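> See protein09.txt below, with compact mmCIF, C-alpha atoms.
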# COMPACT_ATOMS: atom_id res chain seq x y z
CA MET A 112 -69.27 -109.64 114.97
CA ALA A 113 -66.74 -107.31 116.55
CA THR A 114 -63.22 -108.50 117.22
CA VAL A 115 -60.51 -107.11 119.38
CA ARG A 116 -56.92 -107.62 118.51
CA ALA A 117 -54.02 -106.83 120.78
CA GLU A 118 -50.43 -107.05 119.74
CA VAL A 119 -47.44 -106.45 121.94
CA ARG A 120 -43.97 -106.26 120.54
CA THR A 121 -40.95 -106.25 122.75
CA LYS A 122 -37.34 -105.95 121.98
CA VAL A 123 -35.57 -108.08 124.57
CA SER A 124 -31.93 -108.89 124.25
CA LYS A 125 -31.47 -112.61 124.77
CA GLN A 126 -27.91 -112.10 125.99
CA ARG A 127 -28.95 -109.38 128.43
CA THR A 128 -31.65 -111.66 129.84
CA LEU A 129 -29.20 -114.56 130.20
CA ASN A 130 -26.70 -112.28 131.95
CA ALA A 131 -29.39 -111.15 134.40
CA LEU A 132 -30.33 -114.76 135.11
CA ASP A 133 -26.67 -115.63 135.70
CA ARG A 134 -26.43 -112.77 138.22
CA ILE A 135 -29.56 -114.00 140.00
CA ILE A 136 -28.25 -117.57 140.17
CA ALA A 137 -24.89 -116.36 141.51
CA ALA A 138 -26.66 -114.23 144.13
CA ILE A 139 -28.84 -117.17 145.21
CA GLU A 140 -25.73 -119.34 145.57
CA GLU A 141 -24.03 -116.61 147.59
CA LEU A 142 -26.99 -115.81 149.88
CA THR A 143 -28.51 -119.23 150.55
CA PRO A 144 -25.83 -120.40 153.02
CA ALA A 145 -26.52 -117.34 155.18
CA ALA A 146 -30.25 -118.14 155.10
CA VAL A 147 -29.54 -121.74 156.13
CA GLU A 148 -27.31 -120.46 158.94
CA GLU A 149 -30.05 -118.12 160.19
CA VAL A 150 -32.60 -120.96 160.13
CA ARG A 151 -30.19 -123.26 161.97
CA ASP A 152 -29.43 -120.67 164.64
CA GLN A 153 -33.08 -119.78 165.27
CA THR A 154 -34.02 -123.46 165.44
CA ARG A 155 -31.32 -124.02 168.07
CA ARG A 156 -32.50 -120.99 170.08
CA ASP A 157 -36.07 -122.30 170.05
CA VAL A 158 -34.98 -125.80 171.13
CA VAL A 159 -33.08 -124.25 174.05
CA ARG A 160 -36.10 -122.09 174.92
CA LEU A 161 -38.32 -125.18 175.09
CA LEU A 162 -35.79 -127.05 177.24
CA ARG A 163 -35.78 -124.15 179.73
CA MET A 164 -39.56 -124.17 180.23
CA ARG A 165 -39.57 -126.45 183.28
CA GLN A 166 -37.07 -127.79 185.77
CA HIS A 167 -37.03 -130.10 188.78
CA PRO A 168 -34.51 -131.56 191.23
CA ALA A 169 -32.90 -134.93 190.54
CA GLY A 170 -34.79 -137.86 192.02
CA THR A 171 -38.18 -136.14 191.87
CA PRO A 172 -40.98 -136.84 189.40
CA THR A 173 -40.88 -134.70 186.31
CA PRO A 174 -43.44 -131.90 186.13
CA SER A 175 -43.37 -132.24 182.35
CA PRO A 176 -46.52 -133.94 181.03
CA PRO A 177 -46.14 -136.48 178.23
CA GLY A 178 -46.08 -134.70 174.90
CA GLU A 179 -44.42 -131.61 176.38
CA PRO A 180 -40.66 -130.89 176.34
CA PRO A 181 -38.71 -132.56 179.15
CA ALA A 182 -38.13 -130.71 182.40
CA ARG A 183 -34.53 -129.77 183.12
CA ILE A 184 -32.59 -131.43 185.92
CA SER A 185 -28.89 -130.76 185.26
CA GLY A 186 -29.09 -128.78 182.03
CA LYS A 187 -26.85 -131.27 180.24
CA LEU A 188 -29.42 -131.98 177.52
CA LEU A 189 -29.92 -128.27 176.95
CA GLY A 190 -26.15 -127.70 176.83
CA SER A 191 -25.65 -130.52 174.34
CA VAL A 192 -27.87 -128.98 171.65
CA LYS A 193 -25.53 -127.84 168.89
CA GLY A 194 -25.75 -126.79 165.28
CA THR A 195 -23.46 -128.12 162.58
CA PRO A 196 -21.69 -125.81 160.13
CA VAL A 197 -23.50 -125.00 156.89
CA GLU A 198 -22.14 -127.32 154.23
CA ARG A 199 -22.70 -127.44 150.50
CA THR A 200 -23.84 -130.98 149.73
CA GLY A 201 -24.76 -130.68 146.05
CA ASP A 202 -25.98 -128.36 143.32
CA PHE A 203 -28.21 -125.80 145.01
CA THR A 204 -28.14 -127.89 148.18
CA TRP A 205 -26.84 -126.73 151.55
CA THR A 206 -27.16 -128.62 154.81
CA ALA A 207 -26.94 -127.76 158.49
CA SER A 208 -28.52 -129.52 161.43
CA VAL A 209 -29.46 -128.99 165.04
CA ALA A 210 -29.30 -131.93 167.43
CA PRO A 211 -28.53 -132.90 171.00
CA TYR A 212 -25.20 -134.64 171.49
CA ILE A 213 -26.01 -136.47 174.69
CA VAL A 214 -26.99 -140.12 174.84
CA TYR A 215 -30.50 -139.60 176.24
CA GLY A 216 -31.48 -136.80 173.84
CA ARG A 217 -33.19 -139.19 171.43
CA ILE A 218 -35.26 -141.08 174.00
CA GLN A 219 -36.53 -137.80 175.47
CA GLU A 220 -37.67 -136.69 172.01
CA LEU A 221 -39.18 -139.98 170.83
CA GLY A 222 -39.89 -141.92 174.00
CA GLY A 223 -39.04 -145.56 174.56
CA VAL A 224 -37.94 -148.10 177.14
CA SER A 225 -35.06 -147.41 179.48
CA GLY A 226 -33.58 -148.29 182.84
CA ARG A 227 -32.43 -151.49 184.44
CA GLY A 228 -34.01 -154.43 182.65
CA HIS A 229 -35.77 -152.02 180.28
CA ARG A 230 -38.64 -151.77 182.73
CA THR A 231 -39.16 -148.04 182.49
CA HIS A 232 -41.19 -146.56 179.66
CA LEU A 233 -40.53 -142.92 178.89
CA PRO A 234 -43.28 -141.18 176.92
CA PRO A 235 -42.22 -138.90 174.07
CA ARG A 236 -41.36 -135.40 175.22
CA PRO A 237 -40.69 -133.67 171.90
CA TYR A 238 -38.55 -130.59 172.03
CA LEU A 239 -36.67 -130.66 168.72
CA SER A 240 -39.62 -131.53 166.48
CA ARG A 241 -41.81 -129.08 168.41
CA ALA A 242 -39.35 -126.23 167.82
CA VAL A 243 -39.30 -127.03 164.10
CA ALA A 244 -43.11 -127.29 163.95
CA ASP A 245 -43.53 -123.98 165.82
CA LEU A 246 -41.12 -122.14 163.54
CA HIS A 247 -42.70 -123.68 160.45
CA ALA A 248 -46.22 -122.73 161.60
CA ALA A 249 -45.07 -119.17 162.30
CA GLY A 250 -43.74 -118.92 158.74
CA PHE A 251 -40.18 -118.34 159.94
CA TYR A 252 -38.51 -120.74 157.50
CA ARG A 253 -40.46 -119.46 154.50
CA ASP A 254 -40.00 -115.81 155.46
CA THR A 255 -36.25 -116.23 155.95
CA PHE A 256 -35.73 -117.69 152.49
CA VAL A 257 -38.10 -115.19 150.87
CA THR A 258 -36.04 -112.37 152.40
CA TYR A 259 -32.70 -113.71 151.20
CA TRP A 260 -33.90 -114.80 147.77
CA SER A 261 -35.72 -111.52 147.19
CA GLU A 262 -32.36 -109.83 147.60
CA ALA A 263 -30.94 -112.26 145.05
CA LEU A 264 -33.69 -111.38 142.58
CA ARG A 265 -32.84 -107.69 142.93
CA ALA A 266 -29.30 -108.56 141.83
CA GLY A 267 -30.66 -109.46 138.40
For this file, write the structure as structure tokens.


Amino acid sequence: MATVRAEVRTKVSKQRTLNALDRIIAAIEELTPAAVEEVRDQTRRDVVRLLRMRQHPAGTPTPSPPGEPPARISGKLLGSVKGTPVERTGDFTWTASVAPYIVYGRIQELGGVSGRGHRTHLPPRPYLSRAVADLHAAGFYRDTFVTYWSEALRAG
């Protein structure tokens, strides 16, 4: 019976490899906050885009069907959507968020009861979760981190 034998010998410096890994780790730590900032900013822009889709005058029925982002009346909800600064919250962990800072932002997103005597039911009109889902489906989050971390790998 015939046999095939392959042997590969490499001469890799352990210290050189460890130094390269240290450079990659340092580059990841340096570049990740910028990636988080880009993701935060694009998420905010998409939320604002969704909140600008429809509008209607105060006191008139909303043209926004349940399940679609709310229609704009005053623009206060749209204007309240802010991003927080990127913050390091642990080892290899950075956090930033996008949220509305107006009292009715949550009920528009999730739906619920409102009004005098809690007699009005508002259906969910997701705008924040829809922006996140759209960006995720488009590969934006993945692609952003791949771009930044690929640069970090080149630093090695």

> Need the shell around Gly194 in chain A: protein/DNA/RNA residues with any atom at most 10 Å away, counting all atoms listed in the file. Skip same-chain ones fewer than 3 positions apart. Format as a list in words?

Glu148, Arg151, Asp152, Thr154, Arg155, Ser191, Val197, Ala207, Ser208, Val209, Ala210 and Pro211 of chain A

> Between A:Leu188, A:Leu264, A:His247, A:Arg165, which residue has the minimum interatomic distance to Ala131 in chain A, considering only C-alpha atoms?

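Counting only C-alpha atoms, the residue closest to Ala131 in chain A is A:Leu264.
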
> Could you check the closest approach to Asn130 in chain A for each of A:Pro177, A:Leu189, A:Ala182, A:Ala266 and tell me which residue wins, using all atoms listed in the file?

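Among the listed residues, the smallest separation from Asn130 in chain A belongs to A:Ala266.
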
> Using only C-alpha atoms, find all polymer residues with an atom at most 12 Å away from the point (-25.5, -123.8, 145.2); report them as a list in words.

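The residues near that point, listed by chain and number, are Ile135, Ile136, Ala137, Ala138, Ile139, Glu140, Glu141, Leu142, Thr143, Pro144, Ala145, Val147, Val197, Glu198, Arg199, Thr200, Gly201, Asp202, Phe203, Thr204, Trp205 and Thr206 of chain A.
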
> For the selection you just gave me, I'd like the residues written to a file as a PDB file, in the coordinates of the input, keeping C-alpha atoms.


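Output file again.pdb follows:
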ATOM      1  CA  ILE A 135     -29.560-114.000 140.000  1.00  0.00           C
ATOM      2  CA  ILE A 136     -28.250-117.570 140.170  1.00  0.00           C
ATOM      3  CA  ALA A 137     -24.890-116.360 141.510  1.00  0.00           C
ATOM      4  CA  ALA A 138     -26.660-114.230 144.130  1.00  0.00           C
ATOM      5  CA  ILE A 139     -28.840-117.170 145.210  1.00  0.00           C
ATOM      6  CA  GLU A 140     -25.730-119.340 145.570  1.00  0.00           C
ATOM      7  CA  GLU A 141     -24.030-116.610 147.590  1.00  0.00           C
ATOM      8  CA  LEU A 142     -26.990-115.810 149.880  1.00  0.00           C
ATOM      9  CA  THR A 143     -28.510-119.230 150.550  1.00  0.00           C
ATOM     10  CA  PRO A 144     -25.830-120.400 153.020  1.00  0.00           C
ATOM     11  CA  ALA A 145     -26.520-117.340 155.180  1.00  0.00           C
ATOM     12  CA  VAL A 147     -29.540-121.740 156.130  1.00  0.00           C
ATOM     13  CA  VAL A 197     -23.500-125.000 156.890  1.00  0.00           C
ATOM     14  CA  GLU A 198     -22.140-127.320 154.230  1.00  0.00           C
ATOM     15  CA  ARG A 199     -22.700-127.440 150.500  1.00  0.00           C
ATOM     16  CA  THR A 200     -23.840-130.980 149.730  1.00  0.00           C
ATOM     17  CA  GLY A 201     -24.760-130.680 146.050  1.00  0.00           C
ATOM     18  CA  ASP A 202     -25.980-128.360 143.320  1.00  0.00           C
ATOM     19  CA  PHE A 203     -28.210-125.800 145.010  1.00  0.00           C
ATOM     20  CA  THR A 204     -28.140-127.890 148.180  1.00  0.00           C
ATOM     21  CA  TRP A 205     -26.840-126.730 151.550  1.00  0.00           C
ATOM     22  CA  THR A 206     -27.160-128.620 154.810  1.00  0.00           C
TER      23      THR A 206
END

> For CA of Asp133 in chain A and CA of Phe256 in chain A, determine how far apart the two atoms are, in Å to one decimal place.

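Between CA of Asp133 in chain A and CA of Phe256 in chain A the gap works out to 19.2 Å.
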
> Excluding range 158-161 of chain A and residues on its chain fewer than 4 positions from it, collect all residues at most 8 Å away from it, counting all atoms listed in the file, and give them as a PDB file with C-alpha atoms, in the coordinates of the input.


ATOM      1  CA  THR A 154     -34.020-123.460 165.440  1.00  0.00           C
ATOM      2  CA  PRO A 180     -40.660-130.890 176.340  1.00  0.00           C
ATOM      3  CA  LEU A 189     -29.920-128.270 176.950  1.00  0.00           C
ATOM      4  CA  VAL A 192     -27.870-128.980 171.650  1.00  0.00           C
ATOM      5  CA  TYR A 238     -38.550-130.590 172.030  1.00  0.00           C
ATOM      6  CA  LEU A 239     -36.670-130.660 168.720  1.00  0.00           C
ATOM      7  CA  ALA A 242     -39.350-126.230 167.820  1.00  0.00           C
TER       8      ALA A 242
END

> Please compute the CA of Leu162 in chain A-CA of Val257 in chain A distance, one decimal, in Å.

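CA of Val257 in chain A lies 29.0 Å from CA of Leu162 in chain A.
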
> Which centre and edge lengths in Å to one decimal define the box along x, y and z that fits every listed atom of range 215-234 of chain A plus 4 Å per side, as lines of an AutoDock Vina configuration file?


center_x = -36.9
center_y = -145.6
center_z = 177.6
size_x = 20.8
size_y = 25.7
size_z = 21.6

> CA of Thr255 in chain A and CA of Arg156 in chain A are how many Å apart?

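Result for CA of Thr255 in chain A versus CA of Arg156 in chain A: 15.4 Å, one decimal.
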
> Could I get the residues of range 184-248 of chain A with an atom no further than 10 Å from an atom of range 173-176 of chain A, each paired with its nearest atom pair and that distance in Å to one decimal, using only C-alpha atoms, sorted by chain and residue number, as a Markdown table?


| residue | atom | partner | partner_atom | distance |
| --- | --- | --- | --- | --- |
| A:Ile184 | CA | A:Thr173 | CA | 8.9 |
| A:Pro234 | CA | A:Pro176 | CA | 8.9 |
| A:Pro235 | CA | A:Pro176 | CA | 9.6 |
| A:Arg236 | CA | A:Pro176 | CA | 7.9 |

> So, with all atoms listed in the file as the atoms that count, which of A:Ala244, A:Ile213, A:Ala263, A:Ala146 lies closest to Gly190 in chain A?

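Looking only at the distances to Gly190 in chain A, the closest residue turns out to be A:Ile213.
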